[in-house]
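Please read the structure below before turning to the comments.
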Amino acid sequence: MTKYENQIPTSAGMSFNSLISMLRDSIRGSAERRPAANMPIVKCEPAESLNASDNPQVTWFGHSAFLLEMEGRRLLFDPMLGKRPSPVSWAGTKRYSTRLPIEPEDFPAIDAIIISHDHYDHLDSSSIRRLKDKTERFIVPLGVRRRLIQMGVPAEQITEHHWWNEFSFMGFTVACTPARHFSGRGLFDRNSTLWCSWVIAGRETKVFFSGDSGYGPHFKEIGRKYGPFDLTLMECGQYDERWSNIHMMPEETVQAHLDVGGELLIPIHWAAFTLAFHAWNEPVERVTKAAQALKVNIATPKIGEKVRLYTADYPSQPWWRYPEPRG
């Protein structure tokens with residue numbers, strides 16, 4: 001079985017002492033690891049295909065799932081829209097909100113679904129099965145093709161890519177770029193598929209999606225080769241000092257955005273599931289503070305709220321401090 005490795009030595013933080021301390025933290029628990037009230041969700045119906053002259057826009061669905069509408073095309077990334085990031089429907093952490101901005105069946109036609117890696121919180125079988133008839137193209141890192149085939153996606157609709165593989169797609173230059181993470185969906189398949197970040201370069205706009213990643217020198221490499229970027233969507237959440245090699249801390253999220261040459265930052269990988277021990281809204285508090293200190297433009301949309309590029313105003317209200325009362 002092929003085994004993939006990071007560019008630099010990377011521990012996942014699973015030492016005996018770390019496991020004992022995590023068990024202790026899990027037993028203690030914390031009421032702040034989930035929202036105490038309903039989260040505001042913006043009900044949305046993605047617009048018809050944008051004209052090339054329209055401003056690109058992003059709709060974030062919580063965690064790392066987002067829709068990029070740009071230059072007349074529609075690209076959906078890591079569409080985890082299921083109830084639990086788990087191999088079974090009855091176990092694992094639940095999604096914070098039972099509501100979604102849009103149900104998978106209600107999506108319009110999608111030009112491509114793009115996946116960063118095979119973890120359950122990014123590649124969800126129920127979501128793929130509900131979305132697979134909306135598109136004829138899946139773009140994935142090496143090894144993930146077989147996962148999608150098991151979910152009912154025709155093999156001929158899937159293209160696999162290695163780091164630094166660059167190709168043309170519907171007028172875009174797309175590049176599969178490194179991340180610092182790991183993969184696997186079971187006990188015996190760790191690192192058997194590749195993990196990655198993605199570059200989408202259009203005629204006028206360039207976008208970078210970090211995937212899941214610890215901080216590392218690959219961000220500067222990507223910035224030198226493909227930057228600067230008009231927009232970055234960067235992991236920010238589910239972190240811990242014990243596994244910071246594979247998940248950035250919020251302050252590192254801002255630095256990684258600067259490393260790749262980003263203009264506008266949207267922090268993602270939070271606000272849907274509890275997969276770490278920090279408070280559910282700590283990531284956005286820390287990342288906005290760090291962004292302000294370094295004068296980085298940051299957008300913090302509600303789930304389902306559109307962010308349109310090249311406008312004077314980006315969503316910036318601290319909505320996570322004022323959740324809706326439970327009905």
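Quick note on naming: the chains in the structure tokens go A, B, ... in the order shown, residues restart at 1 in each chain, and ligands are numbered from 1 in order of appearance.
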
Thr159 (chain A) surroundings by only C-alpha atoms, 7 Å radius, close-in-sequence under 2 positions cut, as a ChimeraX atom specification: /A:138-140,157,161

Which of region 51-231 of chain A fall in strand (DSSP E or B), as JSON, numbers by chain: {"A": [57, 58, 59, 60, 63, 66, 67, 68, 69, 70, 73, 74, 75, 76, 77, 112, 113, 114, 138, 139, 140, 141, 158, 159, 160, 161, 165, 166, 167, 168, 169, 172, 173, 174, 175, 176, 177, 197, 198, 199, 200, 201, 206, 207, 208, 209, 229, 230, 231]}

Write the residues of the preceding selection, restricted to N, CA and C atoms, as a short mmCIF file (atom, residue, chain, number, x, y, z; two decimals), in the first residue's frame.
```cif
data_model
loop_
_atom_site.label_atom_id
_atom_site.label_comp_id
_atom_site.auth_asym_id
_atom_site.auth_seq_id
_atom_site.Cartn_x
_atom_site.Cartn_y
_atom_site.Cartn_z
N GLN A 57 -17.80 35.39 -5.82
CA GLN A 57 -18.39 35.34 -4.49
C GLN A 57 -18.24 33.95 -3.90
N VAL A 58 -18.21 33.91 -2.56
CA VAL A 58 -18.06 32.67 -1.81
C VAL A 58 -19.22 32.55 -0.83
N THR A 59 -19.78 31.35 -0.74
CA THR A 59 -20.77 31.04 0.28
C THR A 59 -20.21 29.92 1.15
N TRP A 60 -20.08 30.20 2.43
CA TRP A 60 -19.51 29.24 3.39
C TRP A 60 -20.64 28.51 4.09
N HIS A 63 -17.66 24.72 8.83
CA HIS A 63 -16.47 23.88 8.75
C HIS A 63 -15.68 24.29 7.51
N PHE A 66 -17.48 25.11 1.19
CA PHE A 66 -17.83 26.41 0.62
C PHE A 66 -18.02 26.29 -0.89
N LEU A 67 -18.81 27.22 -1.42
CA LEU A 67 -19.08 27.31 -2.84
C LEU A 67 -18.39 28.55 -3.38
N LEU A 68 -17.56 28.38 -4.40
CA LEU A 68 -16.88 29.48 -5.08
C LEU A 68 -17.56 29.70 -6.42
N GLU A 69 -18.14 30.88 -6.62
CA GLU A 69 -18.74 31.26 -7.89
C GLU A 69 -17.86 32.34 -8.51
N MET A 70 -17.28 32.03 -9.67
CA MET A 70 -16.21 32.88 -10.18
C MET A 70 -16.11 32.72 -11.70
N ARG A 73 -18.32 30.21 -13.42
CA ARG A 73 -18.22 28.81 -13.00
C ARG A 73 -18.57 28.68 -11.52
N ARG A 74 -18.89 27.44 -11.16
CA ARG A 74 -19.32 27.16 -9.79
C ARG A 74 -18.54 25.95 -9.29
N LEU A 75 -17.73 26.15 -8.23
CA LEU A 75 -16.88 25.09 -7.68
C LEU A 75 -17.24 24.89 -6.21
N LEU A 76 -17.46 23.64 -5.83
CA LEU A 76 -17.84 23.31 -4.46
C LEU A 76 -16.70 22.54 -3.80
N PHE A 77 -16.26 23.01 -2.62
CA PHE A 77 -15.10 22.45 -1.94
C PHE A 77 -15.51 21.73 -0.66
N ALA A 112 -17.57 21.60 -10.71
CA ALA A 112 -16.68 20.58 -10.14
C ALA A 112 -16.83 20.57 -8.63
N ILE A 113 -16.65 19.40 -8.05
CA ILE A 113 -16.51 19.24 -6.60
C ILE A 113 -15.05 18.92 -6.34
N ILE A 114 -14.43 19.69 -5.45
CA ILE A 114 -13.00 19.59 -5.19
C ILE A 114 -12.79 19.19 -3.73
N PHE A 138 -15.11 15.52 -10.47
CA PHE A 138 -14.56 15.54 -9.12
C PHE A 138 -13.05 15.66 -9.25
N ILE A 139 -12.46 16.58 -8.50
CA ILE A 139 -11.02 16.84 -8.53
C ILE A 139 -10.48 16.55 -7.14
N VAL A 140 -9.55 15.59 -7.03
CA VAL A 140 -9.14 15.08 -5.72
C VAL A 140 -7.64 14.81 -5.70
N PRO A 141 -7.05 14.72 -4.50
CA PRO A 141 -5.64 14.29 -4.40
C PRO A 141 -5.51 12.78 -4.62
N ILE A 158 -13.66 11.38 -12.25
CA ILE A 158 -12.74 11.74 -11.18
C ILE A 158 -11.33 11.89 -11.74
N THR A 159 -10.67 12.99 -11.41
CA THR A 159 -9.25 13.13 -11.72
C THR A 159 -8.47 13.30 -10.42
N GLU A 160 -7.34 12.57 -10.34
CA GLU A 160 -6.49 12.60 -9.15
C GLU A 160 -5.21 13.38 -9.45
N HIS A 161 -4.68 14.04 -8.40
CA HIS A 161 -3.53 14.91 -8.62
C HIS A 161 -2.55 14.84 -7.45
N ASN A 165 1.01 19.41 -9.16
CA ASN A 165 0.39 19.10 -10.44
C ASN A 165 -0.53 20.26 -10.82
N GLU A 166 -0.28 20.85 -11.98
CA GLU A 166 -1.02 22.01 -12.45
C GLU A 166 -1.74 21.63 -13.74
N PHE A 167 -3.00 22.05 -13.88
CA PHE A 167 -3.77 21.68 -15.07
C PHE A 167 -4.83 22.75 -15.35
N SER A 168 -5.38 22.71 -16.56
CA SER A 168 -6.41 23.66 -16.96
C SER A 168 -7.78 23.02 -16.79
N PHE A 169 -8.73 23.84 -16.33
CA PHE A 169 -10.09 23.36 -16.15
C PHE A 169 -11.06 24.51 -16.37
N PHE A 172 -9.80 27.96 -15.97
CA PHE A 172 -8.98 28.19 -14.79
C PHE A 172 -7.67 27.42 -14.89
N THR A 173 -6.64 27.94 -14.24
CA THR A 173 -5.47 27.13 -13.92
C THR A 173 -5.66 26.62 -12.50
N VAL A 174 -5.67 25.30 -12.34
CA VAL A 174 -5.87 24.68 -11.03
C VAL A 174 -4.58 23.97 -10.65
N ALA A 175 -4.15 24.14 -9.41
CA ALA A 175 -2.93 23.48 -8.94
C ALA A 175 -3.21 22.79 -7.62
N CYS A 176 -2.80 21.53 -7.55
CA CYS A 176 -2.82 20.76 -6.30
C CYS A 176 -1.51 21.09 -5.57
N THR A 177 -1.61 21.66 -4.41
CA THR A 177 -0.42 22.15 -3.70
C THR A 177 -0.32 21.48 -2.32
N SER A 197 -3.68 21.22 -0.47
CA SER A 197 -4.36 22.51 -0.60
C SER A 197 -4.62 22.72 -2.09
N TRP A 198 -5.35 23.79 -2.43
CA TRP A 198 -5.71 24.02 -3.84
C TRP A 198 -5.54 25.49 -4.22
N VAL A 199 -5.06 25.69 -5.42
CA VAL A 199 -4.97 27.02 -6.04
C VAL A 199 -5.94 27.04 -7.22
N ILE A 200 -6.77 28.09 -7.29
CA ILE A 200 -7.67 28.30 -8.42
C ILE A 200 -7.34 29.68 -8.99
N ALA A 201 -6.80 29.71 -10.19
CA ALA A 201 -6.41 30.98 -10.82
C ALA A 201 -7.24 31.21 -12.07
N LYS A 206 -7.46 35.13 -8.23
CA LYS A 206 -6.78 33.94 -7.73
C LYS A 206 -7.23 33.65 -6.30
N VAL A 207 -7.53 32.36 -6.05
CA VAL A 207 -8.05 31.93 -4.76
C VAL A 207 -7.19 30.78 -4.25
N PHE A 208 -6.94 30.78 -2.93
CA PHE A 208 -6.19 29.69 -2.30
C PHE A 208 -7.02 29.10 -1.17
N PHE A 209 -7.11 27.77 -1.17
CA PHE A 209 -7.79 27.00 -0.11
C PHE A 209 -6.74 26.14 0.57
N PHE A 229 -2.71 36.23 -3.85
CA PHE A 229 -4.08 35.75 -3.98
C PHE A 229 -5.07 36.83 -3.57
N ASP A 230 -6.14 36.95 -4.33
CA ASP A 230 -7.19 37.90 -3.98
C ASP A 230 -7.96 37.42 -2.75
N LEU A 231 -8.04 36.10 -2.56
CA LEU A 231 -8.81 35.52 -1.46
C LEU A 231 -8.12 34.26 -0.98
#
```

Show which residues sit within 8 Å of Glu235 (chain A), as a PDB file with all heavy atoms, in the first residue's frame. Count only C-alpha atoms, and ignore same-chain residues fewer than 6 positions away.
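Generated file (result-v3.pdb):
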```pdb
ATOM      1  N   SER A  64     -15.340  23.362   6.603  1.00  0.00           N
ATOM      2  CA  SER A  64     -14.537  23.727   5.430  1.00  0.00           C
ATOM      3  C   SER A  64     -15.311  23.668   4.127  1.00  0.00           C
ATOM      4  O   SER A  64     -14.713  23.717   3.047  1.00  0.00           O
ATOM      5  CB  SER A  64     -13.303  22.812   5.337  1.00  0.00           C
ATOM      6  OG  SER A  64     -12.425  23.051   6.411  1.00  0.00           O
ATOM      7  N   SER A 210      -6.576  26.297   1.872  1.00  0.00           N
ATOM      8  CA  SER A 210      -5.474  25.645   2.590  1.00  0.00           C
ATOM      9  C   SER A 210      -5.693  24.161   2.835  1.00  0.00           C
ATOM     10  O   SER A 210      -4.731  23.436   3.094  1.00  0.00           O
ATOM     11  CB  SER A 210      -5.258  26.326   3.945  1.00  0.00           C
ATOM     12  OG  SER A 210      -6.334  26.039   4.831  1.00  0.00           O
ATOM     13  N   GLY A 211      -6.963  23.675   2.745  1.00  0.00           N
ATOM     14  CA  GLY A 211      -7.233  22.343   3.266  1.00  0.00           C
ATOM     15  C   GLY A 211      -6.895  22.312   4.751  1.00  0.00           C
ATOM     16  O   GLY A 211      -6.792  23.350   5.406  1.00  0.00           O
ATOM     17  N   ASP A 212      -6.738  21.137   5.314  1.00  0.00           N
ATOM     18  CA  ASP A 212      -6.269  21.017   6.695  1.00  0.00           C
ATOM     19  C   ASP A 212      -4.749  21.034   6.677  1.00  0.00           C
ATOM     20  O   ASP A 212      -4.121  20.311   5.894  1.00  0.00           O
ATOM     21  CB  ASP A 212      -6.742  19.704   7.317  1.00  0.00           C
ATOM     22  CG  ASP A 212      -8.156  19.803   7.867  1.00  0.00           C
ATOM     23  OD1 ASP A 212      -8.818  20.824   7.608  1.00  0.00           O
ATOM     24  OD2 ASP A 212      -8.604  18.848   8.536  1.00  0.00           O
ATOM     25  N   SER A 213      -4.158  21.814   7.589  1.00  0.00           N
ATOM     26  CA  SER A 213      -2.701  21.902   7.557  1.00  0.00           C
ATOM     27  C   SER A 213      -2.156  22.509   8.825  1.00  0.00           C
ATOM     28  O   SER A 213      -2.714  23.472   9.354  1.00  0.00           O
ATOM     29  CB  SER A 213      -2.241  22.764   6.366  1.00  0.00           C
ATOM     30  OG  SER A 213      -0.830  22.799   6.288  1.00  0.00           O
ATOM     31  N   HIS A 247      -2.622  20.927  12.606  1.00  0.00           N
ATOM     32  CA  HIS A 247      -3.686  21.929  12.564  1.00  0.00           C
ATOM     33  C   HIS A 247      -3.130  23.247  13.082  1.00  0.00           C
ATOM     34  O   HIS A 247      -2.682  23.333  14.234  1.00  0.00           O
ATOM     35  CB  HIS A 247      -4.889  21.515  13.428  1.00  0.00           C
ATOM     36  CG  HIS A 247      -5.753  20.459  12.819  1.00  0.00           C
ATOM     37  ND1 HIS A 247      -6.481  20.664  11.670  1.00  0.00           N
ATOM     38  CD2 HIS A 247      -6.004  19.182  13.200  1.00  0.00           C
ATOM     39  CE1 HIS A 247      -7.152  19.556  11.376  1.00  0.00           C
ATOM     40  NE2 HIS A 247      -6.870  18.638  12.280  1.00  0.00           N
ATOM     41  N   MET A 248      -3.176  24.277  12.262  1.00  0.00           N
ATOM     42  CA  MET A 248      -2.633  25.581  12.651  1.00  0.00           C
ATOM     43  C   MET A 248      -3.366  26.177  13.843  1.00  0.00           C
ATOM     44  O   MET A 248      -4.568  26.003  14.007  1.00  0.00           O
ATOM     45  CB  MET A 248      -2.759  26.566  11.487  1.00  0.00           C
ATOM     46  CG  MET A 248      -1.816  26.327  10.351  1.00  0.00           C
ATOM     47  SD  MET A 248      -1.941  27.622   9.095  1.00  0.00           S
ATOM     48  CE  MET A 248      -3.465  27.152   8.255  1.00  0.00           C
ATOM     49  N   THR A 253      -2.691  30.890  11.274  1.00  0.00           N
ATOM     50  CA  THR A 253      -3.583  31.041  10.128  1.00  0.00           C
ATOM     51  C   THR A 253      -3.349  32.383   9.448  1.00  0.00           C
ATOM     52  O   THR A 253      -3.255  32.470   8.221  1.00  0.00           O
ATOM     53  CB  THR A 253      -5.048  30.931  10.580  1.00  0.00           C
ATOM     54  OG1 THR A 253      -5.284  29.623  11.108  1.00  0.00           O
ATOM     55  CG2 THR A 253      -6.007  31.207   9.446  1.00  0.00           C
ATOM     56  N   PRO A 267     -11.559  32.831   7.491  1.00  0.00           N
ATOM     57  CA  PRO A 267     -11.176  31.680   8.324  1.00  0.00           C
ATOM     58  C   PRO A 267     -12.270  30.623   8.317  1.00  0.00           C
ATOM     59  O   PRO A 267     -13.449  30.919   8.508  1.00  0.00           O
ATOM     60  CB  PRO A 267     -11.014  32.303   9.718  1.00  0.00           C
ATOM     61  CG  PRO A 267     -11.916  33.499   9.706  1.00  0.00           C
ATOM     62  CD  PRO A 267     -11.967  33.992   8.288  1.00  0.00           C
ATOM     63  N   ILE A 268     -11.886  29.367   8.077  1.00  0.00           N
ATOM     64  CA  ILE A 268     -12.855  28.275   8.013  1.00  0.00           C
ATOM     65  C   ILE A 268     -12.408  27.141   8.938  1.00  0.00           C
ATOM     66  O   ILE A 268     -11.504  27.311   9.738  1.00  0.00           O
ATOM     67  CB  ILE A 268     -13.054  27.785   6.561  1.00  0.00           C
ATOM     68  CG1 ILE A 268     -11.721  27.300   5.971  1.00  0.00           C
ATOM     69  CG2 ILE A 268     -13.632  28.901   5.697  1.00  0.00           C
ATOM     70  CD1 ILE A 268     -11.866  26.669   4.595  1.00  0.00           C
ATOM     71  N   HIS A 269     -13.086  25.989   8.837  1.00  0.00           N
ATOM     72  CA  HIS A 269     -12.804  24.813   9.682  1.00  0.00           C
ATOM     73  C   HIS A 269     -13.256  25.036  11.124  1.00  0.00           C
ATOM     74  O   HIS A 269     -12.651  24.548  12.069  1.00  0.00           O
ATOM     75  CB  HIS A 269     -11.306  24.445   9.632  1.00  0.00           C
ATOM     76  CG  HIS A 269     -11.031  23.006   9.947  1.00  0.00           C
ATOM     77  ND1 HIS A 269     -10.334  22.611  11.066  1.00  0.00           N
ATOM     78  CD2 HIS A 269     -11.348  21.859   9.292  1.00  0.00           C
ATOM     79  CE1 HIS A 269     -10.220  21.290  11.076  1.00  0.00           C
ATOM     80  NE2 HIS A 269     -10.844  20.810  10.013  1.00  0.00           N
TER      81      HIS A 269
END
```

All helix (DSSP H, G or I) residues (DSSP, backbone) inside region 28-250 of chain A, as an MDAnalysis selection string: chainID A and resid 28 31:33 104:106 125:134 145:150 155:157 218:226 241:243 250

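What separates CA of Asn245 (chain A) from CA of Asn191 (chain A) is a distance of 15.3 Å.
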
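Using only C-alpha atoms, the nearest neighbour of Met1 (chain A) within the list A:Glu103, A:Phe188, A:Ile115, A:Glu71 is A:Phe188.
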
Contacts of region 271-281 of chain A at 9 Å (only C-alpha atoms; same-chain gap of 5+ positions) as a PyMOL selection string: chain A and resi 22+25-26+29-35+39+61-63+84-85+93-97+121+237-240+286+303+320-321
